[in-house]
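Undergrad: Got a structure for you, run_13.txt, holding compact mmCIF, C-alpha atoms.
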# COMPACT_ATOMS: atom_id res chain seq x y z
CA MET A 1 34.06 35.24 -11.83
CA HIS A 2 32.93 31.65 -12.04
CA ALA A 3 29.34 30.68 -12.86
CA THR A 4 27.58 28.60 -10.27
CA HIS A 5 26.09 25.35 -11.56
CA THR A 6 23.24 23.76 -9.66
CA SER A 7 21.98 20.25 -10.14
CA PRO A 8 18.33 19.89 -11.12
CA ALA A 9 16.04 18.99 -8.27
CA PRO A 10 15.33 15.25 -8.12
CA ALA A 11 11.94 14.15 -9.37
CA ARG A 12 9.44 13.76 -6.60
CA GLN A 13 9.08 10.09 -5.78
CA ARG A 14 5.65 8.56 -5.71
CA PRO A 15 4.46 7.32 -2.30
CA LEU A 16 5.31 3.65 -1.94
CA ILE A 17 5.65 0.76 0.45
CA GLU A 18 7.15 -2.71 0.10
CA VAL A 19 5.32 -5.92 0.90
CA ASP A 20 5.98 -9.66 0.95
CA VAL A 21 3.45 -11.99 -0.67
CA VAL A 22 2.72 -15.40 0.85
CA MET A 23 1.16 -18.06 -1.40
CA ARG A 24 -0.21 -21.33 -0.04
CA ARG A 25 -0.25 -24.71 -1.76
CA GLU A 26 -3.01 -26.75 -0.14
CA PRO A 27 -4.70 -30.11 -0.78
CA VAL A 28 -8.09 -29.97 -2.47
CA GLN A 29 -10.91 -31.47 -0.44
CA GLY A 30 -13.89 -33.48 -1.69
CA PRO A 31 -14.64 -35.03 -5.11
CA MET A 32 -12.59 -32.40 -6.98
CA ALA A 33 -9.44 -33.92 -5.52
CA ARG A 34 -9.68 -36.73 -8.11
CA TRP A 35 -8.86 -34.23 -10.88
CA GLN A 36 -6.94 -31.57 -8.98
CA PRO A 37 -5.16 -32.81 -5.83
CA TRP A 38 -3.56 -29.41 -5.07
CA ARG A 39 -4.41 -25.74 -5.52
CA TRP A 40 -2.68 -22.42 -4.92
CA VAL A 41 -4.28 -19.53 -3.01
CA LEU A 42 -3.13 -16.17 -1.70
CA ALA A 43 -2.36 -16.59 1.99
CA ASP A 44 -1.25 -13.09 3.03
CA VAL A 45 0.40 -9.81 2.09
CA LEU A 46 2.82 -8.61 4.77
CA LEU A 47 4.12 -5.06 5.12
CA SER A 48 7.92 -5.30 5.00
CA ALA A 49 8.93 -1.63 4.57
CA GLY A 50 6.90 1.46 5.40
CA PRO A 51 6.87 4.63 3.26
CA ASP A 52 10.02 6.20 4.72
CA GLU A 53 12.13 3.04 4.59
CA ALA A 54 10.83 1.92 1.17
CA ALA A 55 11.73 5.29 -0.36
CA ARG A 56 15.39 4.67 0.52
CA LEU A 57 15.54 1.14 -0.91
CA ALA A 58 16.64 0.28 -4.44
CA PRO A 59 13.97 -1.78 -6.19
CA ASP A 60 14.43 -5.55 -6.43
CA GLU A 61 12.54 -7.36 -9.18
CA ALA A 62 13.83 -10.87 -8.37
CA HIS A 63 11.38 -11.88 -5.59
CA PRO A 64 13.10 -15.25 -4.92
CA PRO A 65 10.61 -17.55 -3.15
CA GLN A 66 11.38 -19.24 0.13
CA GLU A 67 9.31 -21.82 1.97
CA VAL A 68 8.09 -20.59 5.35
CA GLU A 69 6.07 -21.88 8.25
CA PRO A 70 2.54 -20.47 8.70
CA ILE A 71 1.97 -18.14 11.64
CA ASP A 72 -1.10 -20.11 12.71
CA ALA A 73 -0.43 -23.70 11.71
CA GLY A 74 -3.67 -24.91 13.25
CA SER A 75 -5.80 -22.94 10.78
CA VAL A 76 -4.51 -24.60 7.61
CA ALA A 77 -5.00 -28.07 6.15
CA ASP A 78 -2.43 -30.77 6.81
CA GLY A 79 0.13 -30.99 4.04
CA SER A 80 -0.12 -27.32 3.06
CA GLN A 81 3.00 -25.42 2.06
CA HIS A 82 3.62 -21.68 2.33
CA TRP A 83 5.95 -19.77 0.03
CA LEU A 84 7.03 -16.17 0.66
CA TYR A 85 7.94 -13.86 -2.24
CA PRO A 86 9.75 -10.77 -0.91
CA ARG A 87 9.86 -7.10 -1.79
CA PHE A 88 6.98 -6.13 -4.02
CA ARG A 89 6.62 -2.39 -4.43
CA VAL A 90 3.17 -0.88 -4.03
CA GLU A 91 3.16 2.65 -5.46
CA LEU A 92 0.37 5.23 -5.36
CA PHE A 93 -0.46 7.24 -8.48
CA ARG A 94 -2.30 10.56 -8.34
CA ASP A 95 -4.27 9.79 -11.50
CA ASP A 96 -5.69 6.64 -9.90
CA ALA A 97 -6.96 8.31 -6.72
CA GLU A 98 -10.50 7.19 -7.52
CA GLY A 99 -9.37 3.54 -7.59
CA TYR A 100 -7.95 3.90 -4.09
CA PHE A 101 -11.06 5.76 -2.92
CA LEU A 102 -13.25 2.88 -4.09
CA ASN A 103 -11.05 0.43 -2.20
CA LEU A 104 -11.38 2.48 0.98
CA SER A 105 -15.16 2.67 0.47
CA SER A 106 -15.49 -1.12 0.66
CA PRO A 107 -16.30 -2.89 3.95
CA ARG A 108 -12.78 -4.37 3.99
CA PRO A 109 -10.03 -2.42 2.18
CA CYS A 110 -7.60 -4.89 0.70
CA PHE A 111 -4.54 -5.72 -1.36
CA TRP A 112 -5.08 -7.38 -4.73
CA VAL A 113 -2.43 -9.74 -6.09
CA MET A 114 -2.23 -10.82 -9.71
CA TRP A 115 -0.43 -14.16 -10.06
CA ARG A 116 0.19 -16.90 -12.60
CA ALA A 117 1.18 -20.56 -12.50
CA GLU A 118 4.66 -20.63 -13.99
CA GLY A 119 5.84 -23.84 -15.62
CA GLU A 120 9.52 -23.02 -15.07
CA ALA A 121 9.07 -22.91 -11.28
CA LEU A 122 7.96 -26.30 -10.00
CA VAL A 123 6.88 -27.77 -6.69
CA GLY A 124 6.33 -31.51 -6.63
CA GLY A 125 6.60 -31.52 -10.42
CA GLU A 126 3.71 -29.04 -10.78
CA PRO A 127 3.75 -25.35 -11.81
CA MET A 128 4.32 -22.98 -8.93
CA ALA A 129 2.19 -19.92 -8.23
CA VAL A 130 4.21 -16.77 -8.94
CA PRO A 131 2.88 -13.34 -7.85
CA LEU A 132 3.50 -10.62 -10.43
CA ILE A 133 1.90 -7.38 -9.20
CA VAL A 134 0.40 -6.08 -5.96
CA THR A 135 -1.98 -3.12 -5.91
CA LEU A 136 -4.35 -1.15 -3.71
CA SER A 137 -6.35 0.11 -6.70
CA TYR A 138 -9.86 -1.12 -7.38
CA HIS A 139 -9.39 -0.11 -11.04
CA ASP A 140 -6.21 -2.19 -11.43
CA ALA A 141 -7.93 -5.29 -10.07
CA GLY A 142 -10.89 -4.76 -12.40
CA ARG A 143 -8.66 -4.48 -15.46
CA TRP A 144 -6.79 -7.67 -14.55
CA LEU A 145 -10.03 -9.58 -14.04
CA ASP A 146 -11.37 -8.31 -17.37
CA ALA A 147 -8.18 -9.69 -18.96
CA GLN A 148 -8.93 -13.14 -17.43
CA GLU A 149 -5.96 -12.97 -15.08
CA ARG A 150 -5.87 -14.72 -11.71
CA VAL A 151 -6.48 -12.16 -8.99
CA ASP A 152 -6.84 -12.81 -5.25
CA GLN A 153 -7.34 -10.36 -2.41
CA VAL A 154 -6.52 -10.15 1.26
CA ALA A 155 -7.34 -7.51 3.87
CA ALA A 156 -4.82 -4.69 4.23
CA PRO A 157 -3.51 -3.99 7.77
CA PRO A 158 -4.69 -0.83 9.58
CA GLU A 159 -1.41 1.05 9.09
CA VAL A 160 -1.63 0.56 5.31
CA VAL A 161 -5.28 1.63 5.27
CA ASP A 162 -4.40 4.81 7.19
CA TRP A 163 -1.53 5.56 4.77
CA LEU A 164 -3.80 5.03 1.78
CA ARG A 165 -6.56 7.20 3.29
CA ALA A 166 -4.12 10.09 3.83
CA PHE A 167 -3.13 9.92 0.16
CA VAL A 168 -6.75 9.83 -1.01
CA ASP A 169 -7.71 12.74 1.24
CA ALA A 170 -4.91 14.81 -0.32
CA THR A 171 -5.44 13.87 -3.98
CA TYR A 172 -8.97 12.64 -4.71
CA VAL A 173 -11.40 15.19 -6.12
CA PRO A 174 -14.84 13.69 -6.90
CA GLU A 175 -16.22 14.55 -10.31
CA PRO A 176 -19.09 17.02 -10.03
CA LYS A 177 -22.49 15.51 -10.64
CA ARG A 178 -24.15 16.58 -13.85
CA ARG A 179 -27.09 18.86 -13.22
CA GLN A 180 -30.33 17.27 -14.33
CA ARG A 181 -32.33 19.26 -16.83
CA PRO A 182 -35.50 20.65 -15.22
CA GLN A 183 -38.73 19.02 -16.23
CA SER A 184 -40.01 22.30 -17.75
CA PHE A 185 -37.18 22.25 -20.30
CA ARG A 186 -37.90 18.77 -21.56
CA PRO A 187 -39.46 18.71 -25.05
CA LEU A 188 -43.15 17.85 -25.17
CA THR A 189 -44.22 14.82 -27.16
CA ASP A 190 -47.56 13.29 -28.05
CA ARG A 191 -48.56 9.71 -27.28
CA PHE A 192 -46.68 8.57 -30.39
CA GLY A 193 -43.47 10.26 -29.26
CA GLN A 194 -43.67 13.03 -31.86
CA PRO A 195 -42.74 16.63 -30.92
CA VAL A 196 -45.69 18.86 -30.03
CA ARG A 197 -45.86 22.51 -31.12
CA VAL A 198 -47.27 24.86 -28.51
CA SER A 199 -48.84 28.14 -29.68
CA THR A 200 -49.05 31.13 -27.40
CA ASP A 201 -51.30 33.15 -29.78
CA LYS A 202 -54.71 34.12 -28.41
CA PRO A 203 -57.71 32.77 -30.31
CA ARG A 204 -59.31 35.30 -32.70
CA GLY A 205 -62.93 35.99 -33.72
CA GLY A 206 -66.21 34.97 -32.21
CA ASN A 207 -68.13 31.72 -32.22
CA GLY A 208 -67.18 31.21 -28.62
CA GLY A 209 -63.54 31.37 -29.44
CA HIS A 210 -63.75 28.40 -31.87
Show the structure stored in the file as structure tokens.

TA:
Amino acid sequence: MHATHTSPAPARQRPLIEVDVVMRREPVQGPMARWQPWRWVLADVLLSAGPDEAARLAPDEAHPPQEVEPIDAGSVADGSQHWLYPRFRVELFRDDAEGYFLNLSSPRPCFWVMWRAEGEALVGGEPMAVPLIVTLSYHDAGRWLDAQERVDQVAAPPEVVDWLRAFVDATYVPEPKRRQRPQSFRPLTDRFGQPVRVSTDKPRGGNGGH
């Protein structure tokens, strides 16, 4: 009789999507142009693979940039360039449900992108903006800003907001509010802030109770 061997169940994959990041190199307007003729800004974050498709894709950490034409050329300054960085994974973590909840609680839920100007990648002889991480967590963005990183944001599309809300509804449990101590249990103090002793003994003797 042969023993039956079963393979261990695969680890449950975290919910994820894949997005493309578009950075824009645009001319600086006004007096600042004398010192900085160009600047980089986050132009857009585009959903490239939804949850089902992204779960079947092997991760790609290369993100090779390619120059693209803007969707609405009339809304950008003349001379601007757009660069698309493909296939950033955006994963959702159960222990950061509060960070996603705070994002959804804002007037405009958004993606945050942390990026740096890399000297090895050049455009016109100047460092190129290179996105590093994309997140939907308010906490992630706060930590990056505290670390003096460059962080830009752009509104998330409705389908991403709905996906994020479903995850938050299933995982986020608000911390219970601490019950305030009733006023009657607060220690009594005199006008100098010193504790006051309260006696419940009835006065003895005569003299009007003095």

Undergrad: Could you give me, as a list in words, the residues within 10 Å of Asp95 in chain A, counting all atoms listed in the file and dropping anything in the same chain fewer than 3 positions from it?

TA: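 Skipping anything fewer than 3 positions along the chain leaves Leu92, Glu98, Gly99, Thr171 and Tyr172 of chain A.
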
Undergrad: For range 17-85 of chain A against range 137-159 of chain A, with a cut-off of 9 Å and counting all atoms listed in the file, what is the closest atom pair and its distance in Å to one decimal for every residue that makes the cut, ordered by chain and number, as JSON lines?

TA:
{"residue": "A:Val41", "atom": "CA", "partner": "A:Asp152", "partner_atom": "CA", "distance": 7.5}
{"residue": "A:Leu42", "atom": "CA", "partner": "A:Asp152", "partner_atom": "CA", "distance": 6.1}
{"residue": "A:Ala43", "atom": "CA", "partner": "A:Val154", "partner_atom": "CA", "distance": 7.7}
{"residue": "A:Asp44", "atom": "CA", "partner": "A:Val154", "partner_atom": "CA", "distance": 6.3}
{"residue": "A:Val45", "atom": "CA", "partner": "A:Val154", "partner_atom": "CA", "distance": 7.0}
{"residue": "A:Leu46", "atom": "CA", "partner": "A:Pro157", "partner_atom": "CA", "distance": 8.4}
{"residue": "A:Leu47", "atom": "CA", "partner": "A:Pro157", "partner_atom": "CA", "distance": 8.1}

Undergrad: Output C-alpha atoms of each residue in that selection to a file, as an mmCIF file, in the coordinates of the input.

TA:
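The result, written out as again_15.cif:
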data_model
loop_
_atom_site.group_PDB
_atom_site.id
_atom_site.type_symbol
_atom_site.label_atom_id
_atom_site.label_comp_id
_atom_site.auth_asym_id
_atom_site.auth_seq_id
_atom_site.Cartn_x
_atom_site.Cartn_y
_atom_site.Cartn_z
ATOM 1 C CA VAL A 41 -4.280 -19.530 -3.010
ATOM 2 C CA LEU A 42 -3.130 -16.170 -1.700
ATOM 3 C CA ALA A 43 -2.360 -16.590 1.990
ATOM 4 C CA ASP A 44 -1.250 -13.090 3.030
ATOM 5 C CA VAL A 45 0.400 -9.810 2.090
ATOM 6 C CA LEU A 46 2.820 -8.610 4.770
ATOM 7 C CA LEU A 47 4.120 -5.060 5.120
#

Undergrad: Could you tell me how far CA of Pro86 in chain A lies from CA of His63 in chain A, in Å and to one decimal?

TA: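 One can read the CA of Pro86 in chain A to CA of His63 in chain A distance as 5.1 Å.
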
Undergrad: Measuring between all atoms listed in the file, which one of A:Arg87, A:Arg25, A:Arg34, A:Arg56 shows the shortest distance to Val134 in chain A?

TA: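 Among the listed residues, the smallest separation from Val134 in chain A belongs to A:Arg87.
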
Undergrad: CA of His82 in chain A to CA of Leu122 in chain A: how many Å, to one decimal?

TA: 13.9 Å

Undergrad: Provide the CA of Asp78 in chain A to CA of Ser48 in chain A distance in Å, to one decimal place.

TA: 27.6 Å

Undergrad: Draw an axis-aligned box tight on the listed atoms of range 80-94 of chain A, then pad every side by 5 Å and write out centre and edge lengths in Å to one decimal as AutoDock Vina command-line options.

TA:
--center_x 3.8 --center_y -8.4 --center_z -2.7 --size_x 22.2 --size_y 47.9 --size_z 21.5

Undergrad: For a cut-off of 8 Å around (-4.0, -25.7, -3.4), file coordinates, pick out all residues using only C-alpha atoms and list them as a PyMOL selection string.

TA: chain A and resi 24-28+37-41+80

Undergrad: Using C-alpha atoms, can you export the residues from the last selection as a PDB file, in the coordinates of the input?

TA:
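File produced: again-v3.pdb:
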ATOM      1  CA  ARG A  24      -0.210 -21.330  -0.040  1.00  0.00           C
ATOM      2  CA  ARG A  25      -0.250 -24.710  -1.760  1.00  0.00           C
ATOM      3  CA  GLU A  26      -3.010 -26.750  -0.140  1.00  0.00           C
ATOM      4  CA  PRO A  27      -4.700 -30.110  -0.780  1.00  0.00           C
ATOM      5  CA  VAL A  28      -8.090 -29.970  -2.470  1.00  0.00           C
ATOM      6  CA  PRO A  37      -5.160 -32.810  -5.830  1.00  0.00           C
ATOM      7  CA  TRP A  38      -3.560 -29.410  -5.070  1.00  0.00           C
ATOM      8  CA  ARG A  39      -4.410 -25.740  -5.520  1.00  0.00           C
ATOM      9  CA  TRP A  40      -2.680 -22.420  -4.920  1.00  0.00           C
ATOM     10  CA  VAL A  41      -4.280 -19.530  -3.010  1.00  0.00           C
ATOM     11  CA  SER A  80      -0.120 -27.320   3.060  1.00  0.00           C
TER      12      SER A  80
END

Undergrad: My list of candidates is A:Val21, A:Val130, A:Val173, A:Leu136. Which is closest to Phe111 in chain A when distances are computed with all atoms listed in the file?

TA: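 Looking only at the distances to Phe111 in chain A, the closest residue turns out to be A:Leu136.
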
Undergrad: Would you please work out which residue, of A:Leu102, A:Ala55, A:Met32, A:Ala117, is nearest to Ala129 in chain A when using all atoms listed in the file?

TA: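 Checking each of A:Leu102, A:Ala55, A:Met32, A:Ala117 against Ala129 in chain A, counting all atoms listed in the file, the winner is A:Ala117.
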
Undergrad: Calculated over all atoms listed in the file, which of the candidates A:Pro70, A:Pro64, A:Gly30, A:Pro15 has the smallest distance to Leu132 in chain A?

TA: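 Looking at the shortest contact to Leu132 in chain A, the residue is A:Pro64.
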
Undergrad: Which of these residues is nearest to Arg89 in chain A, using only C-alpha atoms: A:Met114, A:Ile133, A:Val22, A:Val160?

TA: A:Ile133

Undergrad: Using the incomplete input, complete range 39-61 of chain A to the level of N, CA and C atoms; output as a short mmCIF file (atom, residue, chain, number, x, y, z; two decimals), in the frame of the given file.

TA:
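Produced file selection.cif, reproduced below:
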data_model
loop_
_atom_site.label_atom_id
_atom_site.label_comp_id
_atom_site.auth_asym_id
_atom_site.auth_seq_id
_atom_site.Cartn_x
_atom_site.Cartn_y
_atom_site.Cartn_z
N ARG A 39 -4.08 -27.04 -4.96
CA ARG A 39 -4.41 -25.74 -5.52
C ARG A 39 -3.58 -24.68 -4.80
N TRP A 40 -3.41 -23.55 -5.49
CA TRP A 40 -2.68 -22.42 -4.92
C TRP A 40 -3.67 -21.31 -4.57
N VAL A 41 -3.46 -20.67 -3.43
CA VAL A 41 -4.28 -19.53 -3.01
C VAL A 41 -3.37 -18.49 -2.39
N LEU A 42 -3.85 -17.24 -2.39
CA LEU A 42 -3.13 -16.17 -1.70
C LEU A 42 -3.35 -16.32 -0.20
N ALA A 43 -2.26 -16.43 0.55
CA ALA A 43 -2.36 -16.59 1.99
C ALA A 43 -2.30 -15.26 2.73
N ASP A 44 -1.39 -14.36 2.31
CA ASP A 44 -1.25 -13.09 3.03
C ASP A 44 -0.37 -12.14 2.24
N VAL A 45 -0.50 -10.86 2.56
CA VAL A 45 0.40 -9.81 2.09
C VAL A 45 0.91 -9.08 3.32
N LEU A 46 2.21 -9.12 3.55
CA LEU A 46 2.82 -8.61 4.77
C LEU A 46 3.59 -7.34 4.47
N LEU A 47 3.37 -6.30 5.26
CA LEU A 47 4.12 -5.06 5.12
C LEU A 47 5.56 -5.30 5.58
N SER A 48 6.52 -5.07 4.66
CA SER A 48 7.92 -5.30 5.00
C SER A 48 8.71 -4.00 5.11
N ALA A 49 8.25 -2.92 4.47
CA ALA A 49 8.93 -1.63 4.57
C ALA A 49 7.90 -0.52 4.43
N GLY A 50 7.82 0.35 5.44
CA GLY A 50 6.90 1.46 5.40
C GLY A 50 7.34 2.53 4.42
N PRO A 51 6.56 3.60 4.28
CA PRO A 51 6.87 4.63 3.26
C PRO A 51 8.27 5.22 3.37
N ASP A 52 8.71 5.56 4.57
CA ASP A 52 10.02 6.20 4.72
C ASP A 52 11.15 5.23 4.37
N GLU A 53 11.07 4.02 4.87
CA GLU A 53 12.13 3.04 4.59
C GLU A 53 12.11 2.62 3.12
N ALA A 54 10.93 2.37 2.56
CA ALA A 54 10.83 1.92 1.17
C ALA A 54 11.39 2.96 0.20
N ALA A 55 11.23 4.24 0.53
CA ALA A 55 11.73 5.29 -0.36
C ALA A 55 13.24 5.28 -0.46
N ARG A 56 13.93 4.70 0.52
CA ARG A 56 15.39 4.67 0.52
C ARG A 56 15.94 3.39 -0.09
N LEU A 57 15.09 2.44 -0.40
CA LEU A 57 15.54 1.14 -0.91
C LEU A 57 15.56 1.12 -2.43
N ALA A 58 16.61 0.51 -2.99
CA ALA A 58 16.64 0.28 -4.44
C ALA A 58 15.67 -0.84 -4.77
N PRO A 59 14.93 -0.73 -5.87
CA PRO A 59 13.97 -1.78 -6.19
C PRO A 59 14.64 -3.11 -6.48
N ASP A 60 13.95 -4.19 -6.18
CA ASP A 60 14.43 -5.55 -6.43
C ASP A 60 13.32 -6.31 -7.13
N GLU A 61 13.56 -6.69 -8.38
CA GLU A 61 12.54 -7.36 -9.18
C GLU A 61 12.66 -8.88 -9.13
#
